[in-house]
Amino acid sequence: MIIGLTGSIASGKSTVSNMLKELGYPIVDADVVARVVVEKGTETLKTIEEAFGQEVIADDGSLNRGKLGDIIFSSPSKRKQLNDIIHPAIRAEMLRQKEELKKVGHPTIIMDIPLLFESRLQSYVEKILVVTVTEETQLERLMARNNFTLEEAKSRIQSQLPLSIKEKEADAVIYNNGTLEYTEQQLKKILSDWNVLIV
Ligand SMILES: CC(C)(COP(=O)(O)OP(=O)(O)OC[C@H]1O[C@@H](n2cnc3c(N)ncnc32)[C@H](O)[C@@H]1O)[C@@H](O)C(=O)NCCC(=O)NCCS
Ligand SMILES: Nc1ncnc2c1ncn2[C@@H]1O[C@H](COP(=O)(O)OP(=O)(O)OP(=O)(O)O)[C@@H](O)[C@H]1O
């Protein structure tokens, strides 16, 4: 079974992804792939430099992620421009990794995709698992984790679809406002209901 794990920024996707990893599931992680495809020397990084200018390139030739983040989270058109450059490369690499895992016989594979709904990738997976929190908790955790101001945090949250919409489209929802133990309990129950719990 191919499970799409999603949520919104700071809702707890990586937290749940780590729990799944601990339980022994193989993970294809879009955020990790998104870093690999823009490593120093790649064609994708060159295209980003041409589109956004040298200011998004650090002194050592790597991507200045903070700078590019400031640009794309405050401008929908710039965000679309980056997405058009980077998403095809991310998608191709994710599918390659998924096929590799299938080939070696993994029966259940987790695709951790923050923008699963925004990028309309629902058909890439068989079940959709959404990790959600209240708006208040999301804002609090994002500001604390990234040291963002209220404005920086809000601009990032607003660049994604609301969690309430994602919850409605999900096959199962994990409510991550409580303790990590409660989150793990919900996760195991869902995996068990889907008959894919590794014991
Ligand atoms: C703009 C970049 C350089 C900022 O890097 P930074 O290290 O600050 O953030 P990081 O990559 O860890 O992303 C954190 C979260 O931001 C959100 N996010 C990232 N990119 C986008 C986007 N284009 N649109 C909406 N939300 C996004 C996701 O929830 C993601 O989990 C980086 O996010 C990026 O390359 N984005 C484009 C690729 C992408 O869409 N990634 C999302 C997963 S496919
Ligand atoms: N149940 C919880 N209780 C307390 N803190 C939590 C809980 N779940 C997650 N957190 C914290 O909230 C922050 C956001 O969680 P996490 O990084 O897992 O979110 P994410 O959805 O993967 O975010 P992003 O899309 O930005 O990568 C982290 O600092 C994490 O440690």
# chains A, B, ... in the order shown; residues from 1 in each chain; ligands from 1
>>> residues_around(residues="stretch 97-102 of chain A", least_positions_apart="3", cutoff="9 Å", atoms="only C-alpha atoms", output="list in words")
Ile2, Pro26, Ile27, Val28, Ala92, Glu93, Met94, Gly105, His106, Pro107, Thr108, Ile109, Ile110 and Met111 of chain A
>>> write_last_selection(atoms="C-alpha atoms", output="PDB file, in the first residue's frame")
ATOM      1  CA  ILE A   2       1.261   3.472  -0.894  1.00  0.00           C
ATOM      2  CA  PRO A  26      10.323   3.052   4.303  1.00  0.00           C
ATOM      3  CA  ILE A  27       9.738   6.762   3.683  1.00  0.00           C
ATOM      4  CA  VAL A  28      10.039   8.862   0.547  1.00  0.00           C
ATOM      5  CA  ALA A  92      10.511  12.499 -10.877  1.00  0.00           C
ATOM      6  CA  GLU A  93      12.952  11.736  -8.045  1.00  0.00           C
ATOM      7  CA  MET A  94      10.136  10.735  -5.649  1.00  0.00           C
ATOM      8  CA  GLY A 105       9.711  -5.856  -1.985  1.00  0.00           C
ATOM      9  CA  HIS A 106       8.411  -3.325   0.561  1.00  0.00           C
ATOM     10  CA  PRO A 107       4.644  -3.926   0.843  1.00  0.00           C
ATOM     11  CA  THR A 108       3.909  -0.537   2.440  1.00  0.00           C
ATOM     12  CA  ILE A 109       5.616   2.712   1.432  1.00  0.00           C
ATOM     13  CA  ILE A 110       5.103   6.149   2.977  1.00  0.00           C
ATOM     14  CA  MET A 111       5.225   9.175   0.667  1.00  0.00           C
TER      15      MET A 111
END
>>> residues_near_ligand(ligand="ligand 2", cutoff="10 Å", atoms="only C-alpha atoms and all ligand atoms", output="number ranges by chain")
A: 5-18, 30-32, 112-115, 130-133, 137-146, 156-157, 175-184
>>> write_last_selection(atoms="C-alpha atoms", output="PDB file, in the first residue's frame")
ATOM      1  CA  LEU A   5       1.370  11.488   4.504  1.00  0.00           C
ATOM      2  CA  THR A   6       0.509  15.162   4.486  1.00  0.00           C
ATOM      3  CA  GLY A   7      -0.621  18.117   6.572  1.00  0.00           C
ATOM      4  CA  SER A   8       0.446  21.743   6.583  1.00  0.00           C
ATOM      5  CA  ILE A   9       3.530  23.575   7.738  1.00  0.00           C
ATOM      6  CA  ALA A  10       4.313  22.706  11.388  1.00  0.00           C
ATOM      7  CA  SER A  11       1.265  20.428  11.776  1.00  0.00           C
ATOM      8  CA  GLY A  12       3.499  17.515  12.778  1.00  0.00           C
ATOM      9  CA  LYS A  13       4.160  15.619   9.544  1.00  0.00           C
ATOM     10  CA  SER A  14       7.850  15.057  10.271  1.00  0.00           C
ATOM     11  CA  THR A  15       6.971  13.994  13.814  1.00  0.00           C
ATOM     12  CA  VAL A  16       4.613  11.313  12.465  1.00  0.00           C
ATOM     13  CA  SER A  17       7.051  10.431   9.683  1.00  0.00           C
ATOM     14  CA  ASN A  18       9.737   9.751  12.318  1.00  0.00           C
ATOM     15  CA  ALA A  30       9.511  15.325  -0.445  1.00  0.00           C
ATOM     16  CA  ASP A  31      11.327  17.894   1.728  1.00  0.00           C
ATOM     17  CA  VAL A  32      14.521  15.810   1.576  1.00  0.00           C
ATOM     18  CA  ASP A 112       5.687  12.241   2.895  1.00  0.00           C
ATOM     19  CA  ILE A 113       4.399  15.089   0.703  1.00  0.00           C
ATOM     20  CA  PRO A 114       3.644  18.463   2.347  1.00  0.00           C
ATOM     21  CA  LEU A 115       1.968  19.820  -0.800  1.00  0.00           C
ATOM     22  CA  VAL A 130      -3.496  14.008   7.169  1.00  0.00           C
ATOM     23  CA  VAL A 131      -1.757  15.275  10.320  1.00  0.00           C
ATOM     24  CA  THR A 132      -3.644  18.244  11.682  1.00  0.00           C
ATOM     25  CA  VAL A 133      -3.597  20.765  14.546  1.00  0.00           C
ATOM     26  CA  THR A 137      -1.199  25.508  17.779  1.00  0.00           C
ATOM     27  CA  GLN A 138       0.127  25.583  14.222  1.00  0.00           C
ATOM     28  CA  LEU A 139       1.046  29.261  14.523  1.00  0.00           C
ATOM     29  CA  GLU A 140       2.593  28.803  17.976  1.00  0.00           C
ATOM     30  CA  ARG A 141       4.692  25.777  16.961  1.00  0.00           C
ATOM     31  CA  LEU A 142       5.854  27.355  13.709  1.00  0.00           C
ATOM     32  CA  MET A 143       6.960  30.568  15.437  1.00  0.00           C
ATOM     33  CA  ALA A 144       8.766  28.583  18.133  1.00  0.00           C
ATOM     34  CA  ARG A 145      10.449  26.067  15.812  1.00  0.00           C
ATOM     35  CA  ASN A 146      11.667  28.535  13.163  1.00  0.00           C
ATOM     36  CA  ARG A 156       3.888  30.619   5.230  1.00  0.00           C
ATOM     37  CA  ILE A 157       0.623  29.205   6.566  1.00  0.00           C
ATOM     38  CA  TYR A 175      -5.103  15.143  15.620  1.00  0.00           C
ATOM     39  CA  ASN A 176      -1.690  16.318  16.840  1.00  0.00           C
ATOM     40  CA  ASN A 177      -2.641  18.906  19.485  1.00  0.00           C
ATOM     41  CA  GLY A 178      -2.110  16.508  22.357  1.00  0.00           C
ATOM     42  CA  THR A 179       0.841  14.494  23.596  1.00  0.00           C
ATOM     43  CA  LEU A 180       3.190  12.585  21.306  1.00  0.00           C
ATOM     44  CA  GLU A 181       1.891   9.380  22.923  1.00  0.00           C
ATOM     45  CA  TYR A 182      -1.672  10.221  21.879  1.00  0.00           C
ATOM     46  CA  THR A 183      -0.471  10.974  18.346  1.00  0.00           C
ATOM     47  CA  GLU A 184       1.323   7.613  18.151  1.00  0.00           C
TER      48      GLU A 184
END
>>> residues_around(residues="A:Leu187", least_positions_apart="5", cutoff="9 Å", atoms="only C-alpha atoms", output="PyMOL selection string")
chain A and resi 16+19-20+173-174+182+192
>>> write_last_selection(atoms="C-alpha atoms", output="mmCIF file, in the first residue's frame")
data_model
loop_
_atom_site.group_PDB
_atom_site.id
_atom_site.type_symbol
_atom_site.label_atom_id
_atom_site.label_comp_id
_atom_site.auth_asym_id
_atom_site.auth_seq_id
_atom_site.Cartn_x
_atom_site.Cartn_y
_atom_site.Cartn_z
ATOM 1 C CA VAL A 16 4.613 11.313 12.465
ATOM 2 C CA MET A 19 7.316 7.515 14.228
ATOM 3 C CA LEU A 20 6.652 5.562 11.026
ATOM 4 C CA VAL A 173 -6.797 12.187 10.208
ATOM 5 C CA ILE A 174 -4.358 12.369 13.113
ATOM 6 C CA TYR A 182 -1.672 10.221 21.879
ATOM 7 C CA SER A 192 -4.134 -1.429 12.094
#
>>> atom_distance(atom1="atom 20 (N, counted along the ligand's line) of ligand 1", atom2="atom CA of A:Leu68")
9.9 Å
>>> select_by_dssp(residues="stretch 5-65 of chain A", states="strand (DSSP E)", output="PyMOL selection string")
chain A and resi 5-6+27-29
>>> write_last_selection(atoms="C-alpha atoms", output="compact mmCIF listing (two decimals), in the first residue's frame")
# COMPACT_ATOMS: atom_id res chain seq x y z
CA LEU A 5 1.37 11.49 4.50
CA THR A 6 0.51 15.16 4.49
CA ILE A 27 9.74 6.76 3.68
CA VAL A 28 10.04 8.86 0.55
CA ASP A 29 10.36 12.41 1.89
>>> residues_around(residues="A:Ile86", least_positions_apart="4", cutoff="12 Å", atoms="only C-alpha atoms", output="MDAnalysis selection string")
chainID A and resid 30:31 33:39 42:48 51 79:82 90:93 119
>>> closest_residue(among="A:Thr149, A:Ser62, A:Ser75, A:Asn83", to="ligand 1", atoms="only C-alpha atoms and all ligand atoms")
A:Asn83
>>> closest_residue(among="A:Ser123, A:Ser77, A:Gln54, A:Gln160", to="ligand 1", atoms="only C-alpha atoms and all ligand atoms")
A:Gln160
>>> atom_distance(atom1="atom CA of A:Ala153", atom2="atom CA of A:Gly53")
24.6 Å
>>> residues_around(residues="A:Val199", least_positions_apart="3", cutoff="10 Å", atoms="only C-alpha atoms", output="PyMOL selection string")
chain A and resi 23-24+192+196
>>> write_last_selection(atoms="N, CA and C atoms", output="PDB file, in the first residue's frame")
ATOM      1  N   LEU A  23       8.916   2.594  13.375  1.00  0.00           N
ATOM      2  CA  LEU A  23       8.137   1.359  13.284  1.00  0.00           C
ATOM      3  C   LEU A  23       8.633   0.460  12.146  1.00  0.00           C
ATOM      4  N   GLY A  24       9.477   1.019  11.280  1.00  0.00           N
ATOM      5  CA  GLY A  24      10.096   0.189  10.239  1.00  0.00           C
ATOM      6  C   GLY A  24       9.602   0.423   8.815  1.00  0.00           C
ATOM      7  N   SER A 192      -3.485  -0.160  11.802  1.00  0.00           N
ATOM      8  CA  SER A 192      -4.134  -1.429  12.094  1.00  0.00           C
ATOM      9  C   SER A 192      -5.453  -1.546  11.308  1.00  0.00           C
ATOM     10  N   VAL A 196      -2.034  -2.712   7.806  1.00  0.00           N
ATOM     11  CA  VAL A 196      -0.628  -2.588   7.399  1.00  0.00           C
ATOM     12  C   VAL A 196       0.283  -2.345   8.600  1.00  0.00           C
TER      13      VAL A 196
END
>>> atom_distance(atom1="atom 32 (C, counted along the ligand's line) of ligand 1", atom2="atom CA of A:Ile85")
12.1 Å
